[in-house]
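Colleague: Before I ask anything, here is the structure I am working with.
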Amino acid sequence: MENVLANEANLDLIKWLGIQSPSPLQKIPLHVDDAAVDVWCKRDDALHSVISGNKWRKLEQTLHICRSEGHTHIGSFGGAYSNHIHALAYVAHRLKIGFTAFIRAHPNSADTPTLRDLRQWGAKLICLNRMDYRKRDEYSYVEGLKAQYSLDMMIPEGGSDSISVSSVGSIMEELNMQSAVPFDVIILPVASGGTMAGLIHYITAHKLPTRVIGIAVLKGENYLESKVKDLLSAASVEYSTPHSPKWEIIHHPDIHAGGYAKSSVQLQKFKQDFYIQHQIKLDNIYNTKSFFGLHQLLKTSYLDPTQRIVVLHTGGLQGDRT
Ligand SMILES: *Cc1c(COP(=O)(O)O)cnc(C)c1O
């Protein structure tokens, strides 16, 4: 175990923003059929009142680079409810760094609570049509936008890049400090794969016995696995040696409900019951699906209830506002 925090350089930033570090680790007794199964919940939803859990984890090291290089204007991409854009806009506002958000939306489309917050924090909003938005990962397109809007740095959609892959390790680092015995399994929702790649990266580097189970929140068999592998390769992580940690992504129509931001009566009922039983709010897009997925994996005995299981609550509640 290491004593030095990977993101130690940011301790002053953590204090200044009021980030709760480490985030709480809480035991929750799940009701699976008639049995009670104890699992642990890493409450990254409680990291901060505005900054969404895993988006802080992914951005932390990038923000450190922004500050040490004295960047005054940064940009990024996202949808009109994006947790990433929301978190980044808030931090940029607090740090007095200019922020331009390239939003996948029609200029005349209805406003969202997310975009209203952005404006209030002084962000500049640029609407991109579907065709332009599709070019968000193309080098020449991004360079063009940087030049046109005088940006010092462009952060990719969702904040997922090779920097975020090492930044996310702070989750495992905290778990190492909070629990004397390593966890057998960590479960989390997967959309762009950045958070999952970050956990695999840390577990590989520290030779932990923890297995990583991602729950797909969208229809993306093979696609999501290749996203995770691409991010691991970009961060030079060996993910397929005999010593590599075990990781997999669960794809199930009852869990992803047919796609990103899609839901079902069953998922909505699960979310409500979960709140009544545990007083923990789950967002619709990510955590309702991952917590429901965990429940299903226990119910079908895919997971052994005697193992030490931790589920990562990634936050995201701002995105539920309508
Ligand atoms: C973005 C997001 C995710 C997905 O994380 P990826 O790294 O893109 O896979 C999960 N939960 C919440 C709350 C998010 O905002």
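Ligands are numbered from 1 in the order shown, residues from 1 within each chain, and chains are lettered A, B, ... in the order they appear in the structure tokens.
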With only C-alpha atoms and all ligand atoms counted, collect every polymer residue having an atom within 10 Å of ligand 1; state the result as a PyMOL selection string.

Modeller: chain A and resi 44-45+51-58+81-87+157-161+164-165+168+188-198+214-217+224+227-228+282-290+312-319

Colleague: Could you give me, as JSON, numbers by chain, each residue of range 159-287 of chain A that DSSP assigns to strand (DSSP E or B) when run on this structure's backbone?

Modeller: {"A": [185, 186, 187, 188, 189, 190, 211, 212, 213, 214, 215, 216, 247, 248, 249, 250]}

Colleague: Name the closest residue to Ser76 in chain A among the candidates A:His106, A:Arg94, A:Lys124, A:His251; distances are taken between atoms, counting only C-alpha atoms.

Modeller: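 Looking only at the distances to Ser76 in chain A, the closest residue turns out to be A:Lys124.
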
Colleague: Pick out each residue of range 41-243 of chain A that DSSP on the backbone tags as alpha helix (DSSP H); I need them as a PDB file with C-alpha atoms, in the first residue's frame.

Modeller:
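Everything below was put into out.pdb:
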```pdb
ATOM      1  CA  GLY A  53     -18.681  11.951  -8.298  1.00  0.00           C
ATOM      2  CA  ASN A  54     -16.767  10.182 -11.013  1.00  0.00           C
ATOM      3  CA  LYS A  55     -16.424  13.344 -13.087  1.00  0.00           C
ATOM      4  CA  TRP A  56     -14.343  14.870 -10.307  1.00  0.00           C
ATOM      5  CA  ARG A  57     -12.230  11.708 -10.150  1.00  0.00           C
ATOM      6  CA  LYS A  58     -11.577  11.842 -13.884  1.00  0.00           C
ATOM      7  CA  LEU A  59     -10.872  15.586 -14.044  1.00  0.00           C
ATOM      8  CA  GLU A  60      -8.675  15.927 -10.997  1.00  0.00           C
ATOM      9  CA  GLN A  61      -5.281  15.448 -12.655  1.00  0.00           C
ATOM     10  CA  THR A  62      -6.258  17.422 -15.755  1.00  0.00           C
ATOM     11  CA  LEU A  63      -7.228  20.350 -13.541  1.00  0.00           C
ATOM     12  CA  HIS A  64      -3.857  20.147 -11.879  1.00  0.00           C
ATOM     13  CA  ILE A  65      -2.197  20.400 -15.307  1.00  0.00           C
ATOM     14  CA  CYS A  66      -4.443  23.353 -16.226  1.00  0.00           C
ATOM     15  CA  ARG A  67      -3.383  25.198 -13.126  1.00  0.00           C
ATOM     16  CA  SER A  68       0.313  24.427 -13.279  1.00  0.00           C
ATOM     17  CA  ASN A  83     -22.572  15.607 -15.671  1.00  0.00           C
ATOM     18  CA  HIS A  84     -19.086  16.111 -17.053  1.00  0.00           C
ATOM     19  CA  ILE A  85     -19.814  19.520 -18.595  1.00  0.00           C
ATOM     20  CA  HIS A  86     -21.667  20.552 -15.445  1.00  0.00           C
ATOM     21  CA  ALA A  87     -18.815  19.577 -13.101  1.00  0.00           C
ATOM     22  CA  LEU A  88     -16.168  21.158 -15.304  1.00  0.00           C
ATOM     23  CA  ALA A  89     -18.098  24.416 -15.718  1.00  0.00           C
ATOM     24  CA  TYR A  90     -18.466  24.723 -11.960  1.00  0.00           C
ATOM     25  CA  VAL A  91     -14.776  24.092 -11.249  1.00  0.00           C
ATOM     26  CA  ALA A  92     -13.690  26.477 -14.024  1.00  0.00           C
ATOM     27  CA  HIS A  93     -15.964  29.131 -12.533  1.00  0.00           C
ATOM     28  CA  ARG A  94     -14.485  28.624  -9.043  1.00  0.00           C
ATOM     29  CA  LEU A  95     -10.931  28.742 -10.437  1.00  0.00           C
ATOM     30  CA  PRO A 113     -31.280  22.946 -15.769  1.00  0.00           C
ATOM     31  CA  THR A 114     -27.713  21.865 -16.598  1.00  0.00           C
ATOM     32  CA  LEU A 115     -27.283  24.547 -19.272  1.00  0.00           C
ATOM     33  CA  ARG A 116     -28.904  27.190 -17.052  1.00  0.00           C
ATOM     34  CA  ASP A 117     -26.288  26.452 -14.369  1.00  0.00           C
ATOM     35  CA  LEU A 118     -23.539  26.716 -16.976  1.00  0.00           C
ATOM     36  CA  ARG A 119     -24.665  30.182 -18.029  1.00  0.00           C
ATOM     37  CA  GLN A 120     -24.877  31.274 -14.438  1.00  0.00           C
ATOM     38  CA  ARG A 130     -25.114  16.092 -35.022  1.00  0.00           C
ATOM     39  CA  MET A 131     -22.682  16.079 -37.923  1.00  0.00           C
ATOM     40  CA  ASP A 132     -20.198  18.411 -36.277  1.00  0.00           C
ATOM     41  CA  TYR A 133     -20.590  16.736 -32.912  1.00  0.00           C
ATOM     42  CA  TYR A 139      -7.671  15.760 -34.226  1.00  0.00           C
ATOM     43  CA  SER A 140      -8.009  18.373 -36.989  1.00  0.00           C
ATOM     44  CA  TYR A 141     -11.556  19.307 -35.959  1.00  0.00           C
ATOM     45  CA  VAL A 142     -10.534  19.769 -32.326  1.00  0.00           C
ATOM     46  CA  GLU A 143      -7.461  21.797 -33.311  1.00  0.00           C
ATOM     47  CA  GLY A 144      -9.711  23.982 -35.480  1.00  0.00           C
ATOM     48  CA  LEU A 145     -12.057  24.684 -32.578  1.00  0.00           C
ATOM     49  CA  LYS A 146      -9.137  25.425 -30.266  1.00  0.00           C
ATOM     50  CA  ALA A 147      -7.801  27.994 -32.708  1.00  0.00           C
ATOM     51  CA  GLN A 148     -11.219  29.504 -33.474  1.00  0.00           C
ATOM     52  CA  SER A 162      -5.281   8.698 -20.636  1.00  0.00           C
ATOM     53  CA  ILE A 163      -4.855  11.332 -17.904  1.00  0.00           C
ATOM     54  CA  SER A 164      -8.243  10.486 -16.411  1.00  0.00           C
ATOM     55  CA  VAL A 165      -7.319   6.798 -16.393  1.00  0.00           C
ATOM     56  CA  SER A 166      -4.594   7.446 -13.833  1.00  0.00           C
ATOM     57  CA  SER A 167      -6.608  10.112 -12.005  1.00  0.00           C
ATOM     58  CA  SER A 170      -7.753   7.740  -6.184  1.00  0.00           C
ATOM     59  CA  ILE A 171     -10.954   5.716  -5.668  1.00  0.00           C
ATOM     60  CA  MET A 172      -9.004   2.486  -5.142  1.00  0.00           C
ATOM     61  CA  GLU A 173      -6.425   4.310  -3.073  1.00  0.00           C
ATOM     62  CA  GLU A 174      -9.117   5.499  -0.680  1.00  0.00           C
ATOM     63  CA  LEU A 175     -10.680   2.045  -0.510  1.00  0.00           C
ATOM     64  CA  ASN A 176      -7.246   0.646   0.380  1.00  0.00           C
ATOM     65  CA  MET A 177      -7.058   3.045   3.292  1.00  0.00           C
ATOM     66  CA  GLN A 178     -10.668   2.550   4.387  1.00  0.00           C
ATOM     67  CA  GLY A 194     -12.969   5.887 -18.503  1.00  0.00           C
ATOM     68  CA  THR A 195     -13.838   5.159 -14.906  1.00  0.00           C
ATOM     69  CA  MET A 196     -13.637   1.409 -15.403  1.00  0.00           C
ATOM     70  CA  ALA A 197     -10.284   1.690 -17.188  1.00  0.00           C
ATOM     71  CA  GLY A 198      -9.011   3.777 -14.269  1.00  0.00           C
ATOM     72  CA  LEU A 199      -9.947   1.138 -11.710  1.00  0.00           C
ATOM     73  CA  ILE A 200      -8.327  -1.624 -13.801  1.00  0.00           C
ATOM     74  CA  HIS A 201      -5.216   0.514 -14.163  1.00  0.00           C
ATOM     75  CA  TYR A 202      -4.805   0.964 -10.407  1.00  0.00           C
ATOM     76  CA  ILE A 203      -5.613  -2.672  -9.599  1.00  0.00           C
ATOM     77  CA  THR A 204      -3.031  -3.825 -12.156  1.00  0.00           C
ATOM     78  CA  ALA A 205      -0.325  -1.471 -10.910  1.00  0.00           C
ATOM     79  CA  TYR A 223     -18.140  -1.509 -28.286  1.00  0.00           C
ATOM     80  CA  LEU A 224     -17.774  -0.764 -24.563  1.00  0.00           C
ATOM     81  CA  GLU A 225     -15.110  -3.439 -24.102  1.00  0.00           C
ATOM     82  CA  SER A 226     -13.072  -1.902 -26.920  1.00  0.00           C
ATOM     83  CA  LYS A 227     -13.460   1.574 -25.393  1.00  0.00           C
ATOM     84  CA  VAL A 228     -11.995   0.282 -22.119  1.00  0.00           C
ATOM     85  CA  LYS A 229      -9.177  -1.523 -23.940  1.00  0.00           C
ATOM     86  CA  ASP A 230      -8.345   1.572 -26.028  1.00  0.00           C
ATOM     87  CA  LEU A 231      -8.108   3.711 -22.906  1.00  0.00           C
ATOM     88  CA  LEU A 232      -5.931   1.101 -21.169  1.00  0.00           C
ATOM     89  CA  SER A 233      -3.632   0.889 -24.191  1.00  0.00           C
ATOM     90  CA  ALA A 234      -3.392   4.680 -24.357  1.00  0.00           C
TER      91      ALA A 234
END
```

Colleague: For the contact check between range 39-85 of chain A and range 97-101 of chain A, emit one row per residue of range 39-85 of chain A within 6 Å, containing the shortest atom pair and the distance in Å rounded to one decimal, counting only C-alpha atoms, chain then rising number order, as a tab-separated table.

Modeller:
```
residue	atom	partner	partner_atom	distance
A:Thr72	CA	A:Ile97	CA	5.0
A:His73	CA	A:Gly98	CA	4.3
A:Ile74	CA	A:Phe99	CA	5.1
A:Gly75	CA	A:Thr100	CA	4.6
A:Ser76	CA	A:Ala101	CA	5.3
A:Phe77	CA	A:Ala101	CA	5.9
```

Colleague: Have a look at A:Ile155, A:Ala110, A:Val310, A:Ala257 and name the one nearest to Val181 in chain A; count only C-alpha atoms.

Modeller: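 Between A:Ile155, A:Ala110, A:Val310, A:Ala257, the residue approaching Val181 in chain A most closely is A:Val310.
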
Colleague: Which residue gives the smallest distance to Arg308 in chain A among A:Ala46, A:Ile187, A:Leu218, A:Val39, with only C-alpha atoms counted?

Modeller: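 The closest residue to Arg308 in chain A is A:Val39.
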
Colleague: One decimal, Å: what's the distance from CA of Trp40 in chain A over to CA of Leu25 in chain A, could you say?

Modeller: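 CA of Leu25 in chain A lies 6.7 Å from CA of Trp40 in chain A.
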
Colleague: Calculated over only C-alpha atoms, which of the candidates A:Leu267, A:Leu208, A:Ile255, A:Ile103 has the smallest distance to His243 in chain A?

Modeller: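 Under the stated criterion, the closest residue is A:Leu208.
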
Colleague: Using only C-alpha atoms, can you tell me which of A:Arg136, A:Arg104, A:Lys42, A:Lys15 comes closest to Val311 in chain A?

Modeller: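 Comparing A:Arg136, A:Arg104, A:Lys42, A:Lys15 against Val311 in chain A, the winner is A:Lys42.
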